[in-house]
file my_file_7.txt (compact mmCIF, C-alpha atoms and all ligand atoms)
# COMPACT_ATOMS: atom_id res chain seq x y z
CA MET H 1 0.00 0.00 0.00
CA LEU H 2 1.61 3.27 -1.10
CA THR H 3 -1.31 5.68 -1.09
CA LEU H 4 -5.02 5.45 -0.35
CA ARG H 5 -7.73 7.64 -1.72
CA PHE H 6 -9.77 9.88 0.60
CA GLY H 7 -12.17 11.78 -1.67
CA GLN H 8 -10.02 14.08 -3.76
CA HIS H 9 -6.99 13.51 -1.50
CA LEU H 10 -4.23 10.94 -1.84
CA ILE H 11 -3.26 9.72 1.62
CA LYS H 12 0.30 8.58 2.21
CA ALA H 13 0.75 5.19 3.85
CA SER H 14 2.65 6.98 6.64
CA ALA H 15 -0.60 8.66 7.81
CA VAL H 16 -2.57 5.39 7.90
CA PHE H 17 -2.41 3.35 11.09
CA LEU H 18 -4.88 0.56 10.37
CA GLN H 19 -6.16 -1.14 7.23
CA THR H 20 -8.74 -3.91 7.10
CA GLU H 21 -10.37 -5.75 4.21
CA LEU H 22 -12.76 -2.86 3.47
CA SER H 23 -11.71 0.10 5.64
CA PHE H 24 -8.76 2.18 6.82
CA ALA H 25 -8.01 4.54 9.69
CA MET H 26 -5.78 7.61 9.41
CA VAL H 27 -4.61 10.56 11.44
CA ASN H 28 -6.07 14.02 10.79
CA ARG H 29 -4.14 16.92 9.29
CA LYS H 30 -6.20 19.42 11.35
CA PRO H 31 -7.48 17.65 14.48
CA VAL H 32 -10.19 19.33 16.55
CA VAL H 33 -8.76 17.69 19.69
CA PRO H 34 -5.52 15.70 20.16
CA GLY H 35 -6.01 12.19 18.76
CA HIS H 36 -8.92 13.13 16.44
CA VAL H 37 -8.73 10.47 13.69
CA LEU H 38 -10.84 9.30 10.75
CA VAL H 39 -12.09 5.84 9.78
CA CYS H 40 -13.08 5.44 6.11
CA PRO H 41 -14.23 2.76 3.71
CA LEU H 42 -11.56 1.82 1.15
CA ARG H 43 -14.12 2.35 -1.62
CA PRO H 44 -14.44 6.12 -2.08
CA VAL H 45 -18.21 6.54 -1.88
CA GLU H 46 -19.73 9.85 -0.88
CA ARG H 47 -22.68 9.06 1.35
CA PHE H 48 -23.39 6.59 4.16
CA VAL H 49 -26.29 5.03 2.21
CA ASP H 50 -23.89 4.30 -0.69
CA LEU H 51 -22.13 1.65 1.43
CA GLN H 52 -22.86 -2.04 1.04
CA PRO H 53 -23.80 -3.95 4.23
CA ASP H 54 -20.38 -5.63 4.47
CA GLU H 55 -18.73 -2.20 4.20
CA VAL H 56 -20.94 -0.77 6.96
CA SER H 57 -20.10 -3.71 9.14
CA ASP H 58 -16.36 -3.44 8.53
CA LEU H 59 -16.39 0.37 8.91
CA PHE H 60 -18.12 0.24 12.29
CA SER H 61 -16.07 -2.70 13.60
CA THR H 62 -12.95 -0.75 12.63
CA ALA H 63 -14.30 2.41 14.28
CA GLN H 64 -14.95 0.38 17.43
CA ARG H 65 -11.40 -0.97 17.41
CA VAL H 66 -10.01 2.52 16.91
CA ALA H 67 -12.27 3.91 19.65
CA GLN H 68 -10.97 1.33 22.11
CA LEU H 69 -7.37 2.07 21.12
CA LEU H 70 -7.70 5.85 21.52
CA GLU H 71 -9.52 5.75 24.82
CA LYS H 72 -6.95 3.41 26.31
CA HIS H 73 -3.74 4.88 24.94
CA LEU H 74 -4.57 8.58 24.93
CA ASN H 75 -6.00 8.60 28.45
CA ALA H 76 -9.41 9.66 27.25
CA THR H 77 -12.45 8.99 29.40
CA SER H 78 -15.08 9.34 26.67
CA LEU H 79 -15.33 9.64 22.89
CA THR H 80 -17.30 11.66 20.39
CA ILE H 81 -17.99 9.48 17.34
CA ALA H 82 -19.60 11.28 14.40
CA ILE H 83 -20.38 11.14 10.71
CA GLN H 84 -21.12 14.39 8.87
CA ASP H 85 -23.18 12.86 6.07
CA GLY H 86 -23.76 15.39 3.29
CA PRO H 87 -22.79 19.05 2.80
CA GLU H 88 -25.56 20.49 4.99
CA ALA H 89 -24.30 18.30 7.82
CA GLY H 90 -20.80 19.76 7.42
CA GLN H 91 -19.24 17.12 5.16
CA THR H 92 -16.42 18.66 3.12
CA VAL H 93 -14.69 15.54 1.77
CA LYS H 94 -16.95 13.49 -0.51
CA HIS H 95 -15.90 10.16 0.93
CA VAL H 96 -17.69 8.65 3.94
CA HIS H 97 -15.63 9.04 7.15
CA VAL H 98 -16.26 8.41 10.83
CA HIS H 99 -14.67 11.00 13.12
CA VAL H 100 -13.38 9.51 16.37
CA LEU H 101 -12.49 12.20 18.92
CA PRO H 102 -11.06 11.42 22.36
CA ARG H 103 -12.80 13.41 25.10
CA ARG H 104 -11.56 14.45 28.50
CA ALA H 105 -13.16 16.31 31.39
CA GLY H 106 -13.21 20.05 30.75
CA ASP H 107 -11.89 19.86 27.16
CA PHE H 108 -14.68 22.25 26.09
CA GLN H 109 -16.35 24.78 28.36
CA ARG H 110 -19.69 23.86 26.78
CA ASN H 111 -19.60 20.13 26.05
CA ASP H 112 -21.49 20.23 22.73
CA SER H 113 -19.21 22.96 21.35
CA ILE H 114 -17.22 20.10 19.88
CA TYR H 115 -19.95 19.78 17.24
CA ASP H 116 -19.58 23.47 16.29
CA GLU H 117 -15.82 22.96 16.02
CA LEU H 118 -16.26 19.81 13.95
CA HIS H 119 -18.62 21.64 11.64
CA LYS H 120 -16.35 24.63 11.06
CA HIS H 121 -12.75 23.38 11.50
CA ASP H 122 -12.28 22.44 7.84
CA ARG H 123 -14.64 24.91 6.20
CA GLU H 124 -12.94 26.72 3.33
CA ASP H 125 -12.71 30.01 5.24
CA GLU H 126 -11.14 28.31 8.31
CA ASP H 127 -8.84 25.87 6.51
CA SER H 128 -5.54 26.59 4.80
CA PRO H 129 -2.30 24.65 4.33
CA SER H 130 -0.58 26.79 6.98
CA LYS H 131 -2.99 25.29 9.57
CA TRP H 132 -2.24 21.67 8.63
CA ARG H 133 0.16 19.55 10.61
CA SER H 134 3.41 18.49 8.96
CA GLU H 135 3.72 15.11 7.26
CA GLU H 136 6.35 14.21 9.86
CA GLU H 137 4.07 14.98 12.81
CA MET H 138 1.25 12.98 11.26
CA ALA H 139 3.57 10.06 10.45
CA ALA H 140 4.87 10.02 14.04
CA GLU H 141 1.32 9.87 15.45
CA ALA H 142 0.29 7.11 13.01
CA SER H 143 3.42 5.12 13.81
CA ASP H 144 2.70 5.37 17.54
CA LEU H 145 -0.90 4.18 17.04
CA ARG H 146 0.32 1.29 14.83
CA LYS H 147 2.70 0.21 17.60
CA GLN H 148 -0.07 0.36 20.18
CA LEU H 149 -2.24 -1.86 17.97
CA GLU H 150 0.59 -4.38 17.62
CA ASN H 151 1.27 -4.50 21.40
CA PRO H 152 -2.09 -3.96 23.10
W1 LIG U 201 -15.84 16.30 7.07
O1 LIG U 201 -15.97 17.99 7.39
O2 LIG U 201 -15.86 16.09 5.44
O3 LIG U 201 -16.90 15.49 8.10
O4 LIG U 201 -14.25 16.01 7.66
C1 LIG U 201 -13.11 15.99 6.84
C2 LIG U 201 -11.95 15.73 7.76
O5 LIG U 201 -10.86 15.31 7.00
C3 LIG U 201 -11.49 16.96 8.54
O6 LIG U 201 -11.32 16.60 9.90
C4 LIG U 201 -10.18 17.34 7.87
O7 LIG U 201 -9.29 17.95 8.78
C5 LIG U 201 -9.70 15.98 7.42
N1 LIG U 201 -8.82 15.96 6.24
C6 LIG U 201 -9.08 16.50 5.03
N2 LIG U 201 -8.09 16.22 4.17
C7 LIG U 201 -7.19 15.47 4.84
C8 LIG U 201 -5.93 14.88 4.48
N3 LIG U 201 -5.42 15.01 3.27
N4 LIG U 201 -5.27 14.18 5.43
C9 LIG U 201 -5.79 14.06 6.68
N5 LIG U 201 -6.97 14.60 7.08
C10 LIG U 201 -7.65 15.30 6.17
call {"tool": "encode", "arguments": {"input": "my_file_7.txt", "output": "structure tokens", "more": "lines below"}}
Ligand code: AMW
result
Amino acid sequence: MLTLRFGQHLIKASAVFLQTELSFAMVNRKPVVPGHVLVCPLRPVERFVDLQPDEVSDLFSTAQRVAQLLEKHLNATSLTIAIQDGPEAGQTVKHVHVHVLPRRAGDFQRNDSIYDELHKHDREDEDSPSKWRSEEEMAAEASDLRKQLENP
């Protein structure tokens, strides 16, 4: 695996920390909270209803595995798990993706503000290459998560 497709983006293998038969999980170039990652189907379909039942099953099993990993290894006590399905719901990349966000006490003054952040963090007027993390930083995070998966 050299690159994977995520909508219009080509994702380097270094940013991917888990691949299954039908899904993959990768680190985020502009995380809303530390450890905010994405779980995607390998097939680049736009909407949740476009997935076949075996893809839904694999996507959610993978999201569950990733959720367990993040909560344990990033000292989170809860998780926000979300799909922005369609442009009016805040979807910017036309490829289904499950956001998994580790949560900790007091991370937002108003708990549900995370949804506002999720909605706006990658909107065109908020997003620019200068706000993205470096390839090296993303590769280091993915490598750490890969190691944690290998040695639970
Ligand atoms: W959506 O607003 O479509 O629900 O979320 C898209 C997510 O994908 C955002 O969290 C954004 O930061 C992330 N993202 C977009 N492009 C890339 C990329 N090339 N590599 C990693 N994350 C990306």
call {"tool": "residues_near_ligand", "arguments": {"input": "my_file_7.txt", "ligand": "ligand LIG 201 (chain U)", "cutoff": "10 Å", "atoms": "only C-alpha atoms and all ligand atoms", "output": "ChimeraX atom specification"}}
result
/H:5-12,15-16,26-32,36-39,46,82-87,89-100,117-123,127,131-133,135,138
call {"tool": "write_last_selection", "arguments": {"input": "my_file_7.txt", "atoms": "C-alpha atoms", "output": "JSON list (two decimals), keeping the file's coordinate frame"}}
result
[["chain", "number", "residue", "atom", "x", "y", "z"],
["H", 5, "ARG", "CA", -7.73, 7.64, -1.72],
["H", 6, "PHE", "CA", -9.77, 9.88, 0.60],
["H", 7, "GLY", "CA", -12.17, 11.78, -1.67],
["H", 8, "GLN", "CA", -10.02, 14.08, -3.76],
["H", 9, "HIS", "CA", -6.99, 13.51, -1.50],
["H", 10, "LEU", "CA", -4.23, 10.94, -1.84],
["H", 11, "ILE", "CA", -3.26, 9.72, 1.62],
["H", 12, "LYS", "CA", 0.30, 8.58, 2.21],
["H", 15, "ALA", "CA", -0.60, 8.66, 7.81],
["H", 16, "VAL", "CA", -2.57, 5.39, 7.90],
["H", 26, "MET", "CA", -5.78, 7.61, 9.41],
["H", 27, "VAL", "CA", -4.61, 10.56, 11.44],
["H", 28, "ASN", "CA", -6.07, 14.02, 10.79],
["H", 29, "ARG", "CA", -4.14, 16.92, 9.29],
["H", 30, "LYS", "CA", -6.20, 19.42, 11.35],
["H", 31, "PRO", "CA", -7.48, 17.65, 14.48],
["H", 32, "VAL", "CA", -10.19, 19.33, 16.55],
["H", 36, "HIS", "CA", -8.92, 13.13, 16.44],
["H", 37, "VAL", "CA", -8.73, 10.47, 13.69],
["H", 38, "LEU", "CA", -10.84, 9.30, 10.75],
["H", 39, "VAL", "CA", -12.09, 5.84, 9.78],
["H", 46, "GLU", "CA", -19.73, 9.85, -0.88],
["H", 82, "ALA", "CA", -19.60, 11.28, 14.40],
["H", 83, "ILE", "CA", -20.38, 11.14, 10.71],
["H", 84, "GLN", "CA", -21.12, 14.39, 8.87],
["H", 85, "ASP", "CA", -23.18, 12.86, 6.07],
["H", 86, "GLY", "CA", -23.76, 15.39, 3.29],
["H", 87, "PRO", "CA", -22.79, 19.05, 2.80],
["H", 89, "ALA", "CA", -24.30, 18.30, 7.82],
["H", 90, "GLY", "CA", -20.80, 19.76, 7.42],
["H", 91, "GLN", "CA", -19.24, 17.12, 5.16],
["H", 92, "THR", "CA", -16.42, 18.66, 3.12],
["H", 93, "VAL", "CA", -14.69, 15.54, 1.77],
["H", 94, "LYS", "CA", -16.95, 13.49, -0.51],
["H", 95, "HIS", "CA", -15.90, 10.16, 0.93],
["H", 96, "VAL", "CA", -17.69, 8.65, 3.94],
["H", 97, "HIS", "CA", -15.63, 9.04, 7.15],
["H", 98, "VAL", "CA", -16.26, 8.41, 10.83],
["H", 99, "HIS", "CA", -14.67, 11.00, 13.12],
["H", 100, "VAL", "CA", -13.38, 9.51, 16.37],
["H", 117, "GLU", "CA", -15.82, 22.96, 16.02],
["H", 118, "LEU", "CA", -16.26, 19.81, 13.95],
["H", 119, "HIS", "CA", -18.62, 21.64, 11.64],
["H", 120, "LYS", "CA", -16.35, 24.63, 11.06],
["H", 121, "HIS", "CA", -12.75, 23.38, 11.50],
["H", 122, "ASP", "CA", -12.28, 22.44, 7.84],
["H", 123, "ARG", "CA", -14.64, 24.91, 6.20],
["H", 127, "ASP", "CA", -8.84, 25.87, 6.51],
["H", 131, "LYS", "CA", -2.99, 25.29, 9.57],
["H", 132, "TRP", "CA", -2.24, 21.67, 8.63],
["H", 133, "ARG", "CA", 0.16, 19.55, 10.61],
["H", 135, "GLU", "CA", 3.72, 15.11, 7.26],
["H", 138, "MET", "CA", 1.25, 12.98, 11.26]]
call {"tool": "closest_residue", "arguments": {"input": "my_file_7.txt", "among": "H:Arg103, H:Lys147, H:Arg43, H:Arg110", "to": "Ala67 in chain H", "atoms": "only C-alpha atoms"}}
result
H:Arg103
call {"tool": "closest_residue", "arguments": {"input": "my_file_7.txt", "among": "H:Ser61, H:Ser130, H:Gln68, H:Ser14", "to": "Pro152 in chain H", "atoms": "all atoms listed in the file"}}
result
H:Gln68
call {"tool": "closest_residue", "arguments": {"input": "my_file_7.txt", "among": "H:Leu145, H:Ala139, H:Ile81, H:Ile114", "to": "Ala13 in chain H", "atoms": "all atoms listed in the file"}}
result
H:Ala139
call {"tool": "residues_around", "arguments": {"input": "my_file_7.txt", "residues": "Gln148 in chain H", "least_positions_apart": "5", "cutoff": "10 Å", "atoms": "only C-alpha atoms", "output": "compact mmCIF listing (two decimals) with C-alpha atoms, keeping the file's coordinate frame"}}
result
# COMPACT_ATOMS: atom_id res chain seq x y z
CA PHE H 17 -2.41 3.35 11.09
CA LEU H 69 -7.37 2.07 21.12
CA LEU H 70 -7.70 5.85 21.52
CA LYS H 72 -6.95 3.41 26.31
CA HIS H 73 -3.74 4.88 24.94
CA ALA H 142 0.29 7.11 13.01
CA SER H 143 3.42 5.12 13.81
call {"tool": "atom_distance", "arguments": {"input": "my_file_7.txt", "atom1": "CA of Leu74 in chain H", "atom2": "CA of Asp116 in chain H"}}
result
22.8 Å
call {"tool": "closest_residue", "arguments": {"input": "my_file_7.txt", "among": "H:Cys40, H:Val33, H:Val56, H:Val49", "to": "Ser113 in chain H", "atoms": "all atoms listed in the file"}}
result
H:Val33
